[in-house]
Structure formats: structure tokens, C-alpha cells
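With compact mmCIF, C-alpha atoms inside, this is work.txt:
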```txt
# COMPACT_ATOMS: atom_id res chain seq x y z
CA MET A 4 -92.22 -58.82 26.07
CA THR A 5 -94.70 -60.88 28.07
CA SER A 6 -96.65 -63.27 25.88
CA LEU A 7 -100.42 -63.35 25.92
CA PHE A 8 -100.02 -66.82 27.42
CA ASP A 9 -98.45 -65.31 30.56
CA LYS A 10 -100.78 -62.31 30.61
CA LEU A 11 -103.82 -64.58 30.59
CA GLY A 12 -102.47 -66.61 33.46
CA GLY A 13 -100.50 -69.43 31.88
CA GLU A 14 -101.61 -73.03 31.74
CA ALA A 15 -104.57 -72.70 34.10
CA ALA A 16 -106.09 -70.05 31.84
CA ILE A 17 -105.56 -72.24 28.82
CA ASP A 18 -107.44 -75.05 30.55
CA ALA A 19 -110.44 -72.77 31.02
CA ALA A 20 -110.17 -71.48 27.48
CA VAL A 21 -109.87 -74.89 25.87
CA ASP A 22 -113.14 -76.12 27.42
CA LEU A 23 -114.99 -72.97 26.33
CA PHE A 24 -113.57 -73.32 22.83
CA TYR A 25 -113.99 -77.08 22.41
CA ARG A 26 -117.62 -76.94 23.64
CA LYS A 27 -118.41 -74.26 21.07
CA VAL A 28 -116.84 -76.32 18.29
CA LEU A 29 -118.66 -79.51 19.34
CA SER A 30 -121.99 -77.69 19.54
CA ASP A 31 -121.70 -76.26 16.02
CA ASP A 32 -123.60 -78.53 13.63
CA SER A 33 -121.80 -77.06 10.62
CA ILE A 34 -118.48 -78.55 11.79
CA ASN A 35 -119.04 -81.10 14.55
CA HIS A 36 -119.37 -84.02 12.13
CA PHE A 37 -115.60 -83.78 11.68
CA PHE A 38 -115.32 -84.78 15.33
CA GLU A 39 -117.82 -87.68 15.36
CA THR A 40 -115.32 -90.46 15.95
CA THR A 41 -112.46 -88.68 17.64
CA ASP A 42 -111.23 -89.59 21.08
CA MET A 43 -112.37 -86.61 23.17
CA GLU A 44 -109.42 -86.62 25.58
CA ARG A 45 -106.93 -86.71 22.75
CA GLN A 46 -108.82 -84.03 20.84
CA ARG A 47 -108.94 -81.77 23.89
CA ALA A 48 -105.18 -82.22 24.36
CA LYS A 49 -104.64 -81.14 20.76
CA GLN A 50 -106.90 -78.11 21.17
CA LYS A 51 -104.89 -77.20 24.24
CA ALA A 52 -101.63 -77.45 22.32
CA PHE A 53 -103.14 -75.30 19.59
CA LEU A 54 -104.36 -72.60 22.01
CA THR A 55 -101.00 -72.61 23.77
CA MET A 56 -99.40 -71.95 20.40
CA VAL A 57 -101.69 -69.09 19.36
CA PHE A 58 -101.35 -67.54 22.83
CA GLY A 59 -97.58 -67.57 22.40
CA GLY A 60 -96.91 -70.13 25.15
CA PRO A 61 -94.34 -72.93 25.13
CA ASN A 62 -95.44 -75.37 22.46
CA HIS A 63 -94.24 -77.98 20.03
CA TYR A 64 -96.64 -77.20 17.26
CA THR A 65 -95.35 -77.33 13.70
CA GLY A 66 -96.96 -76.73 10.33
CA LYS A 67 -96.13 -80.30 9.42
CA ASP A 68 -98.21 -81.67 12.32
CA LEU A 69 -101.13 -79.46 11.38
CA ARG A 70 -100.97 -80.54 7.77
CA ALA A 71 -100.76 -84.27 8.57
CA ALA A 72 -103.46 -84.10 11.26
CA HIS A 73 -105.97 -82.32 9.03
CA ALA A 74 -105.26 -84.15 5.76
CA PRO A 75 -107.90 -86.85 6.42
CA LEU A 76 -110.46 -84.11 7.15
CA VAL A 77 -109.59 -82.25 3.95
CA ALA A 78 -110.29 -85.52 2.14
CA LYS A 79 -113.72 -85.45 3.81
CA GLY A 80 -114.40 -81.92 2.57
CA LEU A 81 -112.83 -79.57 5.12
CA ASN A 82 -112.77 -76.11 3.53
CA ASP A 83 -112.46 -72.37 4.16
CA ALA A 84 -116.00 -72.10 5.52
CA HIS A 85 -115.18 -74.68 8.24
CA PHE A 86 -111.92 -72.93 9.02
CA ASP A 87 -113.79 -69.62 9.38
CA ALA A 88 -116.37 -71.22 11.68
CA VAL A 89 -113.63 -72.50 14.00
CA ALA A 90 -111.94 -69.08 13.89
CA ARG A 91 -115.24 -67.44 14.94
CA HIS A 92 -115.45 -69.78 17.94
CA LEU A 93 -111.91 -68.87 18.89
CA ARG A 94 -112.73 -65.17 18.71
CA ALA A 95 -115.89 -65.65 20.78
CA THR A 96 -113.91 -67.63 23.37
CA LEU A 97 -111.37 -64.82 23.70
CA GLU A 98 -114.12 -62.24 24.00
CA GLU A 99 -115.77 -64.24 26.78
CA LEU A 100 -112.45 -64.39 28.60
CA GLY A 101 -112.20 -60.60 28.46
CA VAL A 102 -109.13 -60.50 26.24
CA THR A 103 -108.54 -57.01 24.81
CA ALA A 104 -109.29 -56.25 21.15
CA ASP A 105 -105.60 -55.75 20.34
CA GLN A 106 -104.65 -59.07 21.83
CA ILE A 107 -107.53 -60.79 20.06
CA ASN A 108 -106.27 -59.46 16.74
CA GLU A 109 -102.80 -60.74 17.55
CA VAL A 110 -104.14 -64.23 18.30
CA MET A 111 -106.40 -64.29 15.26
CA ALA A 112 -103.49 -63.33 13.02
CA LEU A 113 -101.46 -66.26 14.38
CA ALA A 114 -104.40 -68.64 14.03
CA GLY A 115 -105.05 -67.37 10.51
CA SER A 116 -101.47 -68.12 9.52
CA THR A 117 -102.20 -71.85 9.87
CA ARG A 118 -104.95 -71.80 7.21
CA ASP A 119 -102.87 -73.18 4.33
CA ASP A 120 -101.41 -75.99 6.43
CA VAL A 121 -104.81 -76.94 7.83
CA LEU A 122 -106.39 -76.97 4.37
CA SER A 123 -103.44 -78.80 2.71
CA ARG A 124 -102.57 -75.99 0.30
CA MET B 14 -92.49 -105.10 7.61
CA PHE B 15 -91.56 -106.85 10.86
CA LYS B 16 -91.46 -110.50 11.79
CA ILE B 17 -93.45 -111.97 14.66
CA CYS B 18 -92.18 -115.26 16.02
CA PHE B 19 -94.83 -117.30 17.85
CA GLU B 20 -94.34 -120.90 19.02
CA GLY B 21 -91.27 -121.26 16.83
CA ILE B 22 -92.91 -120.09 13.60
CA VAL B 23 -92.22 -116.71 12.00
CA TYR B 24 -95.18 -114.70 10.74
CA PRO B 25 -94.83 -111.50 8.68
CA CYS B 26 -96.67 -108.48 10.09
CA GLU B 27 -97.70 -105.89 7.50
CA ARG B 28 -97.12 -102.18 8.01
CA SER B 29 -99.67 -100.73 10.43
CA GLU B 30 -101.05 -104.20 11.14
CA THR B 31 -101.46 -105.30 14.76
CA VAL B 32 -99.87 -108.45 16.15
CA LEU B 33 -103.34 -109.86 16.83
CA HIS B 34 -104.47 -109.23 13.28
CA ALA B 35 -101.28 -110.65 11.76
CA LEU B 36 -101.48 -113.86 13.80
CA ARG B 37 -105.18 -114.43 13.17
CA ARG B 38 -104.86 -113.59 9.48
CA GLN B 39 -102.32 -116.38 9.23
CA GLY B 40 -104.48 -118.88 11.05
CA VAL B 41 -103.02 -118.68 14.56
CA GLU B 42 -105.63 -119.07 17.28
CA VAL B 43 -104.91 -116.70 20.14
CA PRO B 44 -107.46 -115.52 22.69
CA PHE B 45 -109.08 -112.16 22.00
CA SER B 46 -112.38 -110.45 22.58
CA CYS B 47 -113.12 -106.71 22.30
CA GLN B 48 -110.29 -105.70 19.90
CA HIS B 49 -110.47 -102.19 21.34
CA GLY B 50 -107.70 -102.39 23.93
CA ILE B 51 -110.18 -102.61 26.76
CA CYS B 52 -110.85 -106.21 27.79
CA GLN B 53 -107.22 -107.40 28.05
CA THR B 54 -108.14 -110.87 26.78
CA CYS B 55 -105.51 -110.75 24.02
CA MET B 56 -102.59 -110.12 26.36
CA LEU B 57 -99.35 -111.70 25.15
CA ARG B 58 -95.83 -111.67 26.51
CA SER B 59 -92.84 -110.49 24.51
CA LEU B 60 -89.49 -112.23 24.95
CA GLN B 61 -87.71 -110.11 22.36
CA GLY B 62 -88.71 -106.78 20.90
CA LYS B 63 -90.51 -104.16 22.92
CA ALA B 64 -94.18 -103.49 22.26
CA PRO B 65 -94.95 -99.80 21.59
CA ALA B 66 -96.25 -97.72 24.50
CA ALA B 67 -99.82 -97.76 23.16
CA ALA B 68 -99.94 -101.53 23.63
CA ARG B 69 -98.65 -101.34 27.20
CA LYS B 70 -100.39 -98.33 28.69
CA GLU B 71 -103.37 -100.24 30.15
CA ILE B 72 -101.27 -103.09 31.52
CA LYS B 73 -100.44 -103.35 35.21
CA ASP B 74 -96.85 -102.28 36.00
CA THR B 75 -95.88 -105.67 37.33
CA LEU B 76 -97.03 -107.41 34.13
CA CYS B 77 -95.59 -104.70 31.92
CA GLU B 78 -92.19 -105.34 33.41
CA GLN B 79 -92.47 -108.98 32.39
CA GLY B 80 -93.10 -108.01 28.78
CA TYR B 81 -96.90 -108.23 28.69
CA PHE B 82 -98.76 -106.17 26.10
CA LEU B 83 -102.12 -106.08 24.30
CA ALA B 84 -101.85 -107.81 20.92
CA CYS B 85 -104.84 -105.89 19.51
CA GLN B 86 -103.12 -102.55 20.17
CA CYS B 87 -99.60 -103.59 19.16
CA VAL B 88 -98.36 -102.35 15.79
CA PRO B 89 -94.76 -103.59 16.03
CA GLU B 90 -91.84 -101.22 15.71
CA GLU B 91 -89.30 -104.05 15.53
CA ASP B 92 -89.22 -107.84 15.16
CA MET B 93 -90.80 -109.59 18.13
CA VAL B 94 -90.76 -113.02 19.74
CA VAL B 95 -94.07 -113.43 21.57
CA LEU B 96 -95.78 -116.12 23.58
CA LEU B 97 -99.02 -116.80 25.38
CA PRO B 98 -99.30 -115.62 28.99
CA ARG B 99 -98.23 -117.86 31.82
CA GLU B 100 -101.49 -118.93 33.45
CA ALA B 101 -100.15 -118.32 36.94
CA ASP B 102 -99.36 -114.69 36.06
CA LEU B 103 -102.88 -113.83 35.11
CA TYR B 104 -105.51 -116.25 36.20
CA GLY B 105 -106.99 -117.06 39.52
CA ARG B 106 -109.48 -119.80 40.16
CA ALA B 107 -112.96 -119.02 41.40
CA VAL B 108 -115.90 -121.18 42.46
CA VAL B 109 -119.51 -120.40 41.64
CA LEU B 110 -121.41 -119.99 44.91
CA GLU B 111 -124.76 -118.80 43.59
CA LYS B 112 -126.51 -118.39 40.31
CA HIS B 113 -130.00 -117.02 40.06
CA PHE B 114 -132.09 -115.18 37.55
CA LEU B 115 -132.80 -111.48 38.09
CA THR B 116 -134.90 -111.31 34.92
CA PRO B 117 -135.52 -113.94 32.23
CA HIS B 118 -132.41 -112.62 30.43
CA ILE B 119 -130.09 -111.50 33.20
CA CYS B 120 -128.54 -113.73 35.83
CA ARG B 121 -126.54 -112.92 38.92
CA LEU B 122 -123.42 -114.93 39.58
CA VAL B 123 -121.70 -114.94 42.95
CA LEU B 124 -118.12 -116.16 42.80
CA LYS B 125 -115.64 -116.99 45.51
CA SER B 126 -112.10 -116.23 44.41
CA ALA B 127 -109.46 -118.72 45.59
CA THR B 128 -107.07 -115.87 46.34
CA PRO B 129 -108.33 -112.44 47.44
CA LEU B 130 -108.96 -110.06 44.58
CA TYR B 131 -108.02 -106.44 45.31
CA TYR B 132 -110.37 -104.35 43.24
CA HIS B 133 -112.44 -101.20 43.10
CA ALA B 134 -116.20 -101.44 42.74
CA GLY B 135 -116.98 -100.81 39.06
CA GLN B 136 -113.95 -102.63 37.65
CA PHE B 137 -114.34 -105.75 35.54
CA VAL B 138 -112.93 -109.26 35.39
CA ASN B 139 -112.50 -111.69 32.53
CA LEU B 140 -113.96 -115.15 32.91
CA HIS B 141 -112.13 -117.91 31.05
CA ARG B 142 -113.83 -121.16 30.28
CA ASP B 143 -111.52 -124.19 30.30
CA ASP B 144 -111.44 -124.26 26.49
CA GLY B 145 -110.09 -120.69 26.40
CA LEU B 146 -113.30 -118.81 25.64
CA ALA B 147 -113.12 -115.49 27.49
CA ARG B 148 -115.53 -112.64 28.22
CA SER B 149 -115.50 -109.53 30.38
CA TYR B 150 -118.03 -108.89 33.17
CA SER B 151 -118.27 -105.92 35.48
CA LEU B 152 -118.18 -106.38 39.23
CA ALA B 153 -121.37 -105.34 41.02
CA SER B 154 -119.93 -106.09 44.44
CA VAL B 155 -118.06 -103.74 46.77
CA PRO B 156 -114.78 -104.80 48.39
CA HIS B 157 -114.88 -104.90 52.23
CA ARG B 158 -118.71 -104.88 52.22
CA ASP B 159 -119.39 -107.95 50.12
CA LYS B 160 -117.60 -111.15 50.95
CA HIS B 161 -117.68 -112.46 47.39
CA LEU B 162 -117.64 -111.26 43.82
CA GLU B 163 -120.93 -110.52 42.09
CA LEU B 164 -121.44 -110.34 38.32
CA HIS B 165 -124.55 -109.75 36.19
CA VAL B 166 -124.60 -111.75 33.00
CA LYS B 167 -126.93 -110.81 30.20
CA ARG B 168 -127.90 -113.62 27.89
CA MET B 169 -126.82 -112.50 24.43
CA LYS B 170 -128.39 -113.84 21.29
CA ASN B 171 -125.80 -116.34 19.98
CA GLY B 172 -123.53 -115.45 22.91
CA LEU B 173 -121.18 -118.39 23.43
CA MET B 174 -120.22 -117.55 27.00
CA SER B 175 -123.53 -116.17 28.24
CA ASN B 176 -125.52 -119.11 26.91
CA TRP B 177 -123.07 -121.52 28.47
CA ILE B 178 -123.34 -119.66 31.80
CA TYR B 179 -127.11 -119.80 31.50
CA SER B 180 -127.55 -123.41 30.64
CA GLU B 181 -124.52 -125.22 32.05
CA LEU B 182 -122.53 -123.39 34.70
CA LYS B 183 -123.82 -124.28 38.16
CA PRO B 184 -122.99 -123.66 41.81
CA GLY B 185 -119.91 -125.62 42.81
CA ASP B 186 -118.26 -125.33 39.39
CA ALA B 187 -114.84 -123.69 39.09
CA ILE B 188 -113.85 -121.14 36.48
CA ASP B 189 -110.71 -119.09 35.72
CA LEU B 190 -110.82 -115.43 36.44
CA GLU B 191 -108.46 -112.61 35.43
CA GLY B 192 -108.49 -109.06 36.66
CA PRO B 193 -109.42 -106.62 37.95
CA ASN B 194 -109.31 -104.29 34.95
CA GLY B 195 -110.76 -100.94 34.03
CA ASN B 196 -110.63 -97.33 35.20
CA CYS B 197 -114.30 -96.65 35.79
CA TYR B 198 -114.56 -96.49 39.58
CA TYR B 199 -115.14 -94.17 42.53
CA LEU B 200 -112.24 -92.56 44.31
CA PRO B 201 -112.82 -90.93 47.68
CA GLY B 202 -112.20 -87.20 47.97
CA ARG B 203 -114.39 -84.32 46.88
CA GLU B 204 -117.11 -85.71 49.17
CA VAL B 205 -119.72 -83.07 48.39
CA GLN B 206 -119.51 -83.43 44.62
CA SER B 207 -122.71 -84.53 42.88
CA LEU B 208 -122.47 -87.83 41.03
CA LEU B 209 -124.47 -88.80 37.97
CA LEU B 210 -124.56 -92.50 37.08
CA ILE B 211 -126.14 -93.60 33.81
CA GLY B 212 -126.30 -97.22 32.69
CA THR B 213 -128.15 -99.34 30.19
CA GLY B 214 -128.76 -103.08 30.49
CA THR B 215 -126.19 -104.79 32.70
CA GLY B 216 -124.31 -101.49 32.72
CA LEU B 217 -126.23 -101.30 35.98
CA ALA B 218 -123.80 -103.79 37.58
CA PRO B 219 -120.73 -101.53 37.87
CA LEU B 220 -122.94 -98.55 38.75
CA VAL B 221 -124.56 -100.35 41.68
CA GLY B 222 -121.05 -101.13 42.91
CA ILE B 223 -119.88 -97.54 42.41
CA ALA B 224 -122.97 -96.04 44.10
CA ARG B 225 -122.71 -98.33 47.14
CA ASP B 226 -118.95 -97.80 47.34
CA ALA B 227 -119.45 -94.01 47.36
CA LEU B 228 -122.27 -94.19 49.93
CA TYR B 229 -120.37 -96.49 52.28
CA SER B 230 -117.27 -94.30 51.88
CA GLY B 231 -119.29 -91.41 53.29
CA HIS B 232 -119.87 -89.49 50.09
CA GLY B 233 -122.05 -86.55 51.12
CA GLY B 234 -122.97 -85.14 47.71
CA GLU B 235 -126.09 -86.17 45.84
CA ILE B 236 -125.86 -89.42 43.87
CA HIS B 237 -128.31 -89.89 40.98
CA LEU B 238 -128.54 -93.29 39.31
CA TYR B 239 -130.44 -93.65 36.02
CA HIS B 240 -130.94 -97.15 34.69
CA GLY B 241 -132.31 -97.59 31.21
CA SER B 242 -133.84 -100.51 29.38
CA HIS B 243 -135.96 -100.83 26.29
CA SER B 244 -138.78 -102.48 28.21
CA ARG B 245 -139.92 -103.01 31.78
CA ASP B 246 -138.63 -106.60 31.91
CA GLY B 247 -135.04 -105.39 31.42
CA LEU B 248 -135.16 -103.41 34.67
CA TYR B 249 -133.78 -105.30 37.63
CA LEU B 250 -132.72 -104.77 41.26
CA MET B 251 -135.50 -102.19 41.52
CA ASP B 252 -136.44 -103.15 45.09
CA THR B 253 -132.81 -103.23 46.22
CA LEU B 254 -132.16 -99.79 44.76
CA ARG B 255 -135.38 -98.31 46.15
CA ASP B 256 -134.40 -99.64 49.57
CA LEU B 257 -130.96 -98.08 49.16
CA ALA B 258 -132.65 -94.76 48.37
CA LYS B 259 -134.68 -95.07 51.61
CA GLU B 260 -131.53 -95.83 53.60
CA PHE B 261 -129.49 -92.95 52.17
CA SER B 262 -131.26 -89.63 51.64
CA ASN B 263 -128.61 -88.46 49.15
CA PHE B 264 -129.12 -91.46 46.86
CA HIS B 265 -131.72 -91.20 44.08
CA TYR B 266 -132.69 -93.98 41.71
CA MET B 267 -134.57 -93.52 38.47
CA PRO B 268 -135.45 -96.49 36.25
CA CYS B 269 -136.32 -95.57 32.64
CA VAL B 270 -137.92 -97.44 29.75
CA SER B 271 -137.32 -96.20 26.21
CA GLY B 272 -139.74 -98.47 24.33
CA GLU B 273 -142.77 -98.45 26.60
CA ARG B 274 -144.95 -96.04 28.50
CA GLY B 275 -143.82 -94.96 31.91
CA GLU B 276 -145.69 -95.86 35.09
CA GLU B 277 -145.55 -94.97 38.76
CA GLY B 278 -141.83 -94.71 39.60
CA ILE B 279 -140.63 -95.55 36.09
CA ARG B 280 -139.90 -92.81 33.58
CA ALA B 281 -140.55 -93.07 29.84
CA GLY B 282 -137.53 -92.24 27.66
CA ARG B 283 -133.89 -93.09 27.37
CA ALA B 284 -131.94 -93.03 30.62
CA ASP B 285 -129.29 -90.65 29.25
CA ASP B 286 -131.82 -88.20 27.76
CA THR B 287 -133.86 -88.23 30.96
CA ALA B 288 -130.83 -87.61 33.14
CA PHE B 289 -129.48 -84.82 30.96
CA SER B 290 -132.81 -83.01 30.87
CA ASP B 291 -133.19 -83.36 34.67
CA PHE B 292 -129.70 -81.88 35.17
CA PRO B 293 -128.89 -79.39 32.41
CA ASN B 294 -125.90 -77.97 34.28
CA LEU B 295 -123.25 -80.55 35.14
CA ALA B 296 -120.42 -78.16 35.97
CA GLY B 297 -118.55 -79.66 38.91
CA TRP B 298 -120.25 -83.07 38.65
CA ARG B 299 -118.62 -86.47 38.37
CA VAL B 300 -120.26 -88.67 35.74
CA PHE B 301 -120.17 -92.46 35.28
CA LEU B 302 -121.43 -94.05 32.05
CA CYS B 303 -121.74 -97.80 31.51
CA GLY B 304 -123.46 -99.85 28.85
CA SER B 305 -123.85 -99.89 25.10
CA PRO B 306 -120.96 -98.17 23.29
CA PRO B 307 -123.14 -95.73 21.25
CA MET B 308 -124.97 -94.61 24.41
CA VAL B 309 -121.68 -94.19 26.28
CA ALA B 310 -120.09 -92.21 23.42
CA SER B 311 -123.01 -89.84 22.94
CA ALA B 312 -123.57 -89.42 26.68
CA LYS B 313 -119.91 -88.57 27.17
CA ARG B 314 -120.14 -85.76 24.65
CA LYS B 315 -123.43 -84.56 26.12
CA ALA B 316 -122.08 -84.56 29.68
CA TYR B 317 -119.09 -82.53 28.53
CA LEU B 318 -121.24 -80.05 26.63
CA GLN B 319 -123.44 -79.66 29.73
CA GLY B 320 -120.44 -78.59 31.74
CA ALA B 321 -118.72 -81.67 33.20
CA ARG B 322 -114.93 -81.71 32.90
CA LEU B 323 -113.66 -84.50 30.65
CA ALA B 324 -111.44 -85.68 33.50
CA ASP B 325 -114.57 -86.14 35.62
CA ILE B 326 -116.31 -88.40 33.11
CA TYR B 327 -115.71 -92.11 33.60
CA ALA B 328 -116.88 -94.37 30.82
CA ASP B 329 -117.13 -98.12 30.53
CA PRO B 330 -118.44 -99.08 27.07
CA PHE B 331 -119.59 -102.70 26.94
CA GLU B 332 -118.06 -103.81 23.66
CA VAL B 333 -119.93 -106.82 22.35
CA SER B 334 -117.44 -109.61 21.85
CA ASP B 335 -117.04 -111.48 18.67
CA ARG B 336 -118.97 -109.44 16.18
CA ARG B 337 -118.92 -112.36 13.76
CA LEU B 338 -121.62 -113.97 15.84
CA LYS B 339 -123.99 -111.03 15.76
CA PRO B 340 -127.10 -111.94 13.86
CA ARG B 341 -126.97 -110.45 10.39
CA ASP B 342 -130.23 -108.63 9.90
```
Rewrite the coordinates I just gave you, this time as C-alpha cells.
Amino acid sequence: MTSLFDKLGGEAAIDAAVDLFYRKVLSDDSINHFFETTDMERQRAKQKAFLTMVFGGPNHYTGKDLRAAHAPLVAKGLNDAHFDAVARHLRATLEELGVTADQINEVMALAGSTRDDVLSR
Amino acid sequence: MFKICFEGIVYPCERSETVLHALRRQGVEVPFSCQHGICQTCMLRSLQGKAPAAARKEIKDTLCEQGYFLACQCVPEEDMVVLLPREADLYGRAVVLEKHFLTPHICRLVLKSATPLYYHAGQFVNLHRDDGLARSYSLASVPHRDKHLELHVKRMKNGLMSNWIYSELKPGDAIDLEGPNGNCYYLPGREVQSLLLIGTGTGLAPLVGIARDALYSGHGGEIHLYHGSHSRDGLYLMDTLRDLAKEFSNFHYMPCVSGERGEEGIRAGRADDTAFSDFPNLAGWRVFLCGSPPMVASAKRKAYLQGARLADIYADPFEVSDRRLKPRD
């Protein structure tokens, strides 16, 4: 079965998607304070790795990485509401890219499966 | 915990502590300045033990091969034997040809390097006083066009180097120079791309170099330079830049004052705010940001949000050296 990653057009499509997604996240005042001091290039690279993962592309993402990377943010108050906000931006990004409803649901299910790792539960 | 051997004495280095921090904590005087991995003043050489990649990534290949690394970025992964750089590896000698005041607080230095310096306009050099004091200054000159190196030095309150340059350094004096360093410069190609240059204070120096370099390289796209200062007396090179705008129809210069009212040809407001409201859509643009670190950080985010690709944003934050000497108010 072809992955969504290939259907969307591989890495080039991810590059377009990551900028759409990251700009939405950075513009959202309910969550952008978590990104105040982060190195933007490094953050964008991580977002790209994350999108590659949820699109079913070749990735090296593990739950352990997610947990470790978000632990300092959980200490600063990262919670379900923030997770939901990011998920909304992901959905909006996919809609803008013209991804079909079925595929969006597939991606959102994958993204949703990271919730416990992201929130250190 | 790893051991750092320096000049025959072994110093313990705590977990997640940098070599620079460990040495200074234990009373060893080694040169350093920005502590952010930018200025390269704290470069050391390793005889044994390899510095991690993070401490080597900004070092020139030829120096890297000889074991050079940045002490402020080096959290050791094994025991190391380190030593100070060999002068001949890093430093060239330069003579001061001219020194004159552009404003009461900014002076222009013209230096003649003893050996030719191969650099890009917009890069920076480190000046080393004979007692080891070192500071970074951006190059305002353009290779091939300008015979010598030009730097703009802002007199900092309590600034050891800038006050010395102001009151003592004079034409004919020699000084050590290391460089060039930095990745904020113009590369030819994509000749019709619009360029946005935003600088505060002496952040103008690298931008003048970059703008002239682009113009003389035949850049056909529009080039917009915004220079910001709190007050009118911090604006400099206005006539030069206005003349440049007359010479090249695709070059536009906009001086801005954030703490005073505007006047004919000078806009009121911060340079970054003014530029971003003039050009709300930066998709496809190349952006250069030089000056105070908070301005550079917020402008980088803004430029990205307004459509510029991160890879097209070049930033040169002017880290103030030696925070201990900042007035405590």
C-alpha cells in the first residue's frame, strides 16, 4: 500500500506542509510561548520529522524521543488543551493541502497516538 | 565526569559542563567573549580526546583537522588534553590606516591586513589587543571593491575594547586580527530575488557590505535597507546610503528612529516593525538581520511568519561581550 507520504509527493510535500504547520503553531498565542527560546531551524527539523512520521514516511521517531523532548514543556504546564490546539493546526494544514477526509483521519489517529508520550503519562 | 588537562594541570569537568566553564570555574584564564558559539574567541586545540561535533561545526575545516574546537560549546565526551591556539594558525597582523568618528559614539576603523584576508562582505573578524582582550566586529567593506578592511566600532558603556579603540588606538598602530567568521553574507544566484536588510546600531556595518556586494555583483531584484536607532544621532552613513540609492534604482534606504519623531526622509518607529509593515508578504524574499539579539530573534520569527523560508533568513546577533561589565541598573 502506498503511504500518504508518497501520495502527497514525498519530501517536497512535507517541506511545504511543515512551513504551513509551523507558522500556524507559532502564530497561536495559546501555545507559542512554549517556543519562545527554541532554535527555529532545529524546531522546524523536528516538526518535519514528526510530519514525516504521521504521514507514514521513512522516519526515526520513537516514543522515547517524544517523551524526553516534551518533558521540560510538561514541567512548564503543557497539557491536553495545548495538545488539542496543535492537533487542530495539523488538521487545518492537511485541509489546506487538499488531503482527503479519510487520509486526514488516518493521520490524526497516528498523531493522537502520541498524546501520552508527549504529555509524560 | 571527565578530566581536562591544560598546561600540565588536570581539571575535573562536571557532567554537562563546558570546557570553558570548567577552566574558568577553576581559575584558569582563557580568552572568551560571546559564550554562544558565535565569536570564536574561545577556540582551543585538542591534543588528545575529540571535541563533540557541536563544538566543531562552526570551525573552518583546516583548523578542525588540527584539533581546534570552541571551548564554550564543548561538553566533553572523554578526557581531553587541550592547549591555547598557536598564534600563527589564527592571527594575522593589521595596521590601522584611518580612524574617524561617524557619530559621537561610533567610529570607523580602516585596517590594512598584512596578509590578504579572503572574506565575504558581512562576515566578522576578531580584534585582539596585545594583552589578549578580544572582541568581534563586522566588516563593512566589500572584497575586490575596497582595498582595505572597514569596521564600525560603537563605544559601549564600560566597554573595555571599544573605549580603548576610542581613546588610545591611532593610525599607524598594529593589532592582531582573526577571521573571517560568520555565515551572514550574500551569495550570488537568484538575481531577481528581493532582499530585505534590517539592522540596528552598528548592525548597519555588515548590511552596508552585503548591500554593496549584491549591487556590484549585479543583483537585479529590489534591495531594501532599514537602519534603526533610538535617536537621530545614532543614524550614520546617511549621505553615503542616499547616494547609493541614487546610483542604483533597485536600492532603497530607510533610516528609522524609535525614540523620536520622524522627519523628512526619516521614519518614526522601530526599523523591524517599519520594514515588516511595509512588506507584509515576504514569500520568496531573502532577509538579513543584524544588531541587538532580541531584535534579531523577534525579527527572524516575524520574517518567517510573513512568508520567508527559514533557509533564506540570515541572522547576525551582536552578542554583547562580557556581561559582567554591563551596568547593573
Identify all chain B residues at most 10 Å from chain A by counting only C-alpha atoms; ligands do not count. Present them as a list in words.
->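 Residues of chain B within 10 Å of chain A, counting only C-alpha atoms: Ala310, Ser311, Lys313, Arg314, Lys315, Tyr317, Leu318, Gln319, Gly320, Ala321, Arg322, Leu323 and Ala324 of chain B.
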Just give me the gap between CA of Asp68 (chain A) and CA of Asn82 (chain A) in Å, one decimal is fine.
->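 About the pair CA of Asp68 (chain A) and CA of Asn82 (chain A): they are 17.9 Å apart.
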Compile the contact shell of Pro25 (chain B) as a list in words: residues with an atom at most 12 Å away, counting all atoms listed in the file, same-chain residues fewer than 3 positions apart removed.
-> Met14, Phe15, Lys16, Ile17, Cys18, Phe19, Ile22, Arg28, Ser29, Glu30, Thr31, Val32, Leu33, His34, Ala35, Leu36, Arg37, Arg38, Gln39, Pro89, Glu91, Asp92, Met93 and Val94 of chain B
Selected residue of minimal separation from Ala153 (chain B) among B:Arg225, B:Arg245, B:Lys170, B:Lys183, counting only C-alpha atoms =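 Looking at the shortest contact to Ala153 (chain B), the residue is B:Arg225.
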Within 9 Å of Leu81 (chain A), counting only C-alpha atoms, which residues qualify if same-chain residues fewer than 6 places away don't, as a short mmCIF file (atom, residue, chain, number, x, y, z; two decimals) with C-alpha atoms, keeping the file's coordinate frame?
```cif
data_model
loop_
_atom_site.label_atom_id
_atom_site.label_comp_id
_atom_site.auth_asym_id
_atom_site.auth_seq_id
_atom_site.Cartn_x
_atom_site.Cartn_y
_atom_site.Cartn_z
CA ILE A 34 -118.48 -78.55 11.79
CA PHE A 37 -115.60 -83.78 11.68
CA HIS A 73 -105.97 -82.32 9.03
CA ALA A 74 -105.26 -84.15 5.76
CA PRO A 75 -107.90 -86.85 6.42
CA VAL A 121 -104.81 -76.94 7.83
CA LEU A 122 -106.39 -76.97 4.37
#
```
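The nearest approach to Leu103 (chain B) among the residues B:Cys55, B:Cys85, B:Leu209, B:Leu146, with all atoms listed in the file taken into account, belongs to B:Cys55.
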Identify, on the basis of all atoms listed in the file, every residue whose closest approach to Glu99 (chain A) does not exceed 10 Å; exclude the query and any residue fewer than 4 positions from it along the same chain; express the result as a PDB file with C-alpha atoms, in the frame of the given file.
```pdb
ATOM      1  CA  ALA A  20    -110.170 -71.480  27.480  1.00  0.00           C
ATOM      2  CA  LEU A  23    -114.990 -72.970  26.330  1.00  0.00           C
ATOM      3  CA  LEU A  93    -111.910 -68.870  18.890  1.00  0.00           C
ATOM      4  CA  ARG A  94    -112.730 -65.170  18.710  1.00  0.00           C
ATOM      5  CA  ALA A  95    -115.890 -65.650  20.780  1.00  0.00           C
TER       6      ALA A  95
END
```
At what distance in Å, to one decimal, does CA of Lys167 (chain B) lie from CA of Ser149 (chain B)?
-> 11.5 Å
Can you fill out region 120-128 of chain B with N, CA and C atoms and hand it back as a compact mmCIF listing (two decimals), in the frame of the given file?
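Final output, saved to result27.txt:
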```txt
# COMPACT_ATOMS: atom_id res chain seq x y z
N CYS B 120 -128.74 -112.96 34.61
CA CYS B 120 -128.54 -113.73 35.83
C CYS B 120 -127.41 -113.16 36.66
N ARG B 121 -127.52 -113.41 37.96
CA ARG B 121 -126.54 -112.92 38.92
C ARG B 121 -125.67 -114.09 39.32
N LEU B 122 -124.37 -113.90 39.17
CA LEU B 122 -123.42 -114.93 39.58
C LEU B 122 -122.67 -114.42 40.80
N VAL B 123 -122.55 -115.28 41.82
CA VAL B 123 -121.70 -114.94 42.95
C VAL B 123 -120.53 -115.91 42.93
N LEU B 124 -119.32 -115.35 42.90
CA LEU B 124 -118.12 -116.16 42.80
C LEU B 124 -117.25 -115.98 44.03
N LYS B 125 -116.61 -117.07 44.42
CA LYS B 125 -115.64 -116.99 45.51
C LYS B 125 -114.27 -117.19 44.90
N SER B 126 -113.44 -116.16 45.00
CA SER B 126 -112.10 -116.23 44.41
C SER B 126 -111.18 -117.01 45.35
N ALA B 127 -110.35 -117.89 44.77
CA ALA B 127 -109.46 -118.72 45.59
C ALA B 127 -108.44 -117.86 46.34
N THR B 128 -107.95 -116.82 45.67
CA THR B 128 -107.07 -115.87 46.34
C THR B 128 -107.79 -114.53 46.35
```
